[in-house]
Structures are given as C-alpha cells and as structure tokens.
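Enquirer: The structure is given below, and queries will be raised subsequently.
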Amino acid sequence: EELAPKPPNLDFEEAASLPLAGLTAYQGMVHKGNLRAGQHILVNGASGGVGSIAVQIARAMDCRVTGVCGPDHVELVLEMGADRVLDYTREDPLAMGEEYDLFFDIVANQSFSRTRHLLRTGGVYVRTLPSFESLVLAPILNPFRARKGKAMDCRASSADLEMLGTLVSEGKLRPQIEKVYPLEEAAAAHTRSEGGHVAGKLVLRVKE
C-alpha cells in the first residue's frame, strides 16, 4: 500500500527525491485542491522540491500555471512549464488582479483570508503547513463558503506513486535535484535546506 516500482528512466538518486515531494504536490493539488484540466493554479514556492514537481504536474494536466519564486529561479520555473513567473522580491502575487481555481501555498506564508479575493467561485486555497485557521475554522466554515481554505497532510499511497511514475515514464515529470551530498556531509545538506532557497531537492548518497 506504500510502494511502487521505480520508473526505469530515473536513476536511484532521482527516484529517491520523488516520493515525499511528489506526493505532497499531487495530493495537495488533486486530492485537496480538486485540480482539473484547464484550470488556473498559482504555486507559491514554485522552485523548491515540492513546487518544481507541482508545476510539472499541473502542466501535464493542461492547467495554466503561475509560479512564485525568488529572482534566481525564474528561468528554472519557466523551464518546468509555468506560463508565468512572479518574482516575489518585485511583484506581490496578492496584488496582481489575477483569479485562480487553486492557490497552492507550499511556502505557507499566506492564508485563506488573505488570498480568498484571488479565488474564483469554487476555488480552493491549500497550504502545506497547518494553522489555526486551516485546522479549526476552515472545517466549520467551508460548508457555507463558495471558496474554501484547506491544510493538507501527506500520506503514503502506492496509487499516487504509480500516477507519478506514469508521468515520469511519459516524460511529463522529472525531479529537479540541486545537489547530491555524500552521507557524511548531511549536516551541510541540512544547513543548505534550512536556508530556504533550494532549487528542487537535495539528495544524500549512501555508500554501498
């Protein structure tokens, strides 16, 4: 119930980087966000491990994708398939006047109350980290709202992993790895990760 075959066109380091980030992206957008083909999604944190996969999944679903990231990663997010990229140091995504079917807040630095004006009727705000609003208020208020706010928790799922594997095999999804560290440099990898500006994923290589 938790395993799936490794796609043959991924090496083991790429495969190791996919499950957690891929499941977070897929479950957050499809299961929680009800994303469907042709919709417009904003991915807040589009250059990170989850974000770079989210952009590719949404693109594979024929969605229009707006990504938000820092200035150093704009080109990367465009390469991943985003239609438009906002540099958060120069543009405020909350003030752009766009409307979205899904606001996928991977960075979790926004909230439903701040983003609801960007959501179309039936739109969903999904954040990857829980908050009082998303855990307590949203379940009470969502049944009465035309727009909804949700938090997610990532769960192991062989079915979802197989879906990700299919996208990989079809050439629609490829994990983005910034750097592979030897296991003895795990502390350096954590330091880099905690800096908050990793492009894609970091991988630890365990010696055979």
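Scheme for the structure tokens: letters A, B, ... for chains in order shown; per-chain residue numbers from 1; ligand numbers from 1 in order shown.
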So that I can check the secondary structure, give me every residue of region 21-194 of chain A assigned strand (DSSP E or B) by backbone DSSP, as a count of residues only.
Expert: 41
Enquirer: Based on the backbone DSSP call, show me all residues of chain A assigned alpha helix (DSSP H), as a PyMOL selection string.
Expert: chain A and resi 12-17+19-26+49-60+74-80+112-115+132+138-141+158-169+186-194
Enquirer: Set the distance at 10 Å and use only C-alpha atoms: which residues neighbour Thr66 (chain A) once local chain neighbours fewer than 2 positions away are removed? I'd like the list as a PyMOL selection string.
Expert: chain A and resi 40-44+46+55+63-64+68+77-78+81-86+93+98+100+103
Enquirer: Dump N, CA, C and O atoms for the selected residues as a CSV table (one decimal), in the first residue's frame?
Expert:
chain,number,residue,atom,x,y,z
A,40,HIS,N,-6.7,27.3,-13.6
A,40,HIS,CA,-5.6,28.2,-13.4
A,40,HIS,C,-5.1,28.0,-12.0
A,40,HIS,O,-5.9,28.1,-11.0
A,41,ILE,N,-3.9,27.7,-11.8
A,41,ILE,CA,-3.3,27.5,-10.5
A,41,ILE,C,-2.1,28.4,-10.2
A,41,ILE,O,-1.3,28.7,-11.1
A,42,LEU,N,-2.0,28.9,-9.0
A,42,LEU,CA,-0.8,29.6,-8.5
A,42,LEU,C,-0.1,28.7,-7.6
A,42,LEU,O,-0.6,28.2,-6.6
A,43,VAL,N,1.2,28.5,-7.8
A,43,VAL,CA,2.1,27.7,-7.0
A,43,VAL,C,3.0,28.7,-6.3
A,43,VAL,O,3.9,29.3,-6.9
A,44,ASN,N,2.8,28.9,-5.0
A,44,ASN,CA,3.7,29.8,-4.2
A,44,ASN,C,4.8,29.0,-3.6
A,44,ASN,O,4.6,28.2,-2.7
A,46,ALA,N,7.4,27.9,-6.1
A,46,ALA,CA,7.4,27.1,-7.3
A,46,ALA,C,8.8,26.5,-7.7
A,46,ALA,O,8.9,25.6,-8.5
A,55,VAL,N,4.5,22.3,-10.4
A,55,VAL,CA,4.4,23.0,-11.7
A,55,VAL,C,4.3,22.0,-12.8
A,55,VAL,O,3.4,22.1,-13.7
A,63,CYS,N,-3.2,22.5,-17.2
A,63,CYS,CA,-3.6,23.7,-16.5
A,63,CYS,C,-2.7,24.9,-16.8
A,63,CYS,O,-1.6,24.8,-17.2
A,64,ARG,N,-3.3,26.1,-16.6
A,64,ARG,CA,-2.5,27.3,-16.7
A,64,ARG,C,-1.8,27.5,-15.4
A,64,ARG,O,-2.4,27.5,-14.3
A,68,VAL,N,5.4,31.4,-8.3
A,68,VAL,CA,6.0,32.4,-7.5
A,68,VAL,C,7.3,31.9,-6.9
A,68,VAL,O,7.4,30.8,-6.3
A,77,VAL,N,11.8,27.8,-13.2
A,77,VAL,CA,10.3,27.6,-13.1
A,77,VAL,C,9.7,27.7,-14.5
A,77,VAL,O,8.8,26.9,-14.8
A,78,LEU,N,10.2,28.6,-15.3
A,78,LEU,CA,9.7,28.6,-16.7
A,78,LEU,C,10.0,27.3,-17.4
A,78,LEU,O,9.2,26.8,-18.2
A,81,GLY,N,7.7,24.5,-16.9
A,81,GLY,CA,6.4,24.5,-17.6
A,81,GLY,C,5.5,25.6,-17.1
A,81,GLY,O,4.3,25.7,-17.6
A,82,ALA,N,5.9,26.5,-16.2
A,82,ALA,CA,5.0,27.6,-15.8
A,82,ALA,C,4.7,28.6,-17.0
A,82,ALA,O,5.6,28.8,-17.8
A,83,ASP,N,3.5,29.0,-17.1
A,83,ASP,CA,3.1,30.0,-18.1
A,83,ASP,C,3.6,31.4,-17.7
A,83,ASP,O,3.9,32.2,-18.6
A,84,ARG,N,3.7,31.7,-16.4
A,84,ARG,CA,4.1,33.0,-15.9
A,84,ARG,C,4.8,32.8,-14.6
A,84,ARG,O,4.4,31.9,-13.8
A,85,VAL,N,5.8,33.6,-14.3
A,85,VAL,CA,6.5,33.5,-13.1
A,85,VAL,C,6.6,34.9,-12.4
A,85,VAL,O,6.9,35.9,-13.1
A,86,LEU,N,6.2,35.0,-11.2
A,86,LEU,CA,6.3,36.2,-10.4
A,86,LEU,C,7.5,36.1,-9.5
A,86,LEU,O,7.6,35.2,-8.7
A,93,PRO,N,2.1,38.8,-5.4
A,93,PRO,CA,1.1,37.9,-6.0
A,93,PRO,C,-0.3,38.2,-5.6
A,93,PRO,O,-1.3,37.9,-6.3
A,98,GLU,N,-5.2,38.8,-10.6
A,98,GLU,CA,-5.5,37.5,-11.3
A,98,GLU,C,-6.5,36.8,-10.4
A,98,GLU,O,-6.6,37.0,-9.2
A,100,TYR,N,-7.7,32.6,-9.6
A,100,TYR,CA,-7.2,31.3,-9.7
A,100,TYR,C,-8.3,30.3,-9.2
A,100,TYR,O,-9.1,30.6,-8.3
A,103,PHE,N,-5.0,28.1,-5.2
A,103,PHE,CA,-3.8,28.8,-4.7
A,103,PHE,C,-3.1,27.8,-3.8
A,103,PHE,O,-3.5,27.5,-2.7
Enquirer: When you look at Gly38 (chain A) with a cut-off of 12 Å (counting only C-alpha atoms), what residues show up, excluding the ones that are within fewer than 5 positions of it in the same chain? I need them as a ChimeraX atom specification.
Expert: /A:58-65,100-102
Enquirer: Using only C-alpha atoms, determine which residues lie at most 9 Å from Asp87 (chain A), disregarding the query and same-chain residues fewer than 3 positions distant; provide the list as a PyMOL selection string.
Expert: chain A and resi 67-74+90-93
Enquirer: Taking a cut-off of 9 Å and counting only C-alpha atoms, can you build a table that, for each residue of region 15-95 of chain A near region 114-125 of chain A, reports the nearest atom pair and how far apart they are in Å (one decimal), sorted by chain then residue number, as a tab-separated table?
Expert:
residue	atom	partner	partner_atom	distance
A:Lys32	CA	A:Val124	CA	8.3
A:Gly33	CA	A:Val124	CA	5.7
A:Asn34	CA	A:Val124	CA	7.9
A:Leu94	CA	A:Thr115	CA	6.7
A:Ala95	CA	A:Leu118	CA	8.9
Enquirer: Check the smallest atom-to-atom distance from each of A:Met29, A:Ala151, A:Leu35, A:Ile177 to Val203 (chain A) using only C-alpha atoms, then report the winner.
Expert: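 With only C-alpha atoms as the atom set, the closest residue is A:Ile177.
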Enquirer: With a distance cut-off of 12 Å and only C-alpha atoms, select the neighbouring residues of Glu185 (chain A), excluding the residue or stretch itself and same-chain residues fewer than 3 positions from it, and output the selection as an NGL selection string.
Expert: :A and (179-182 or 188-192 or 202-206)
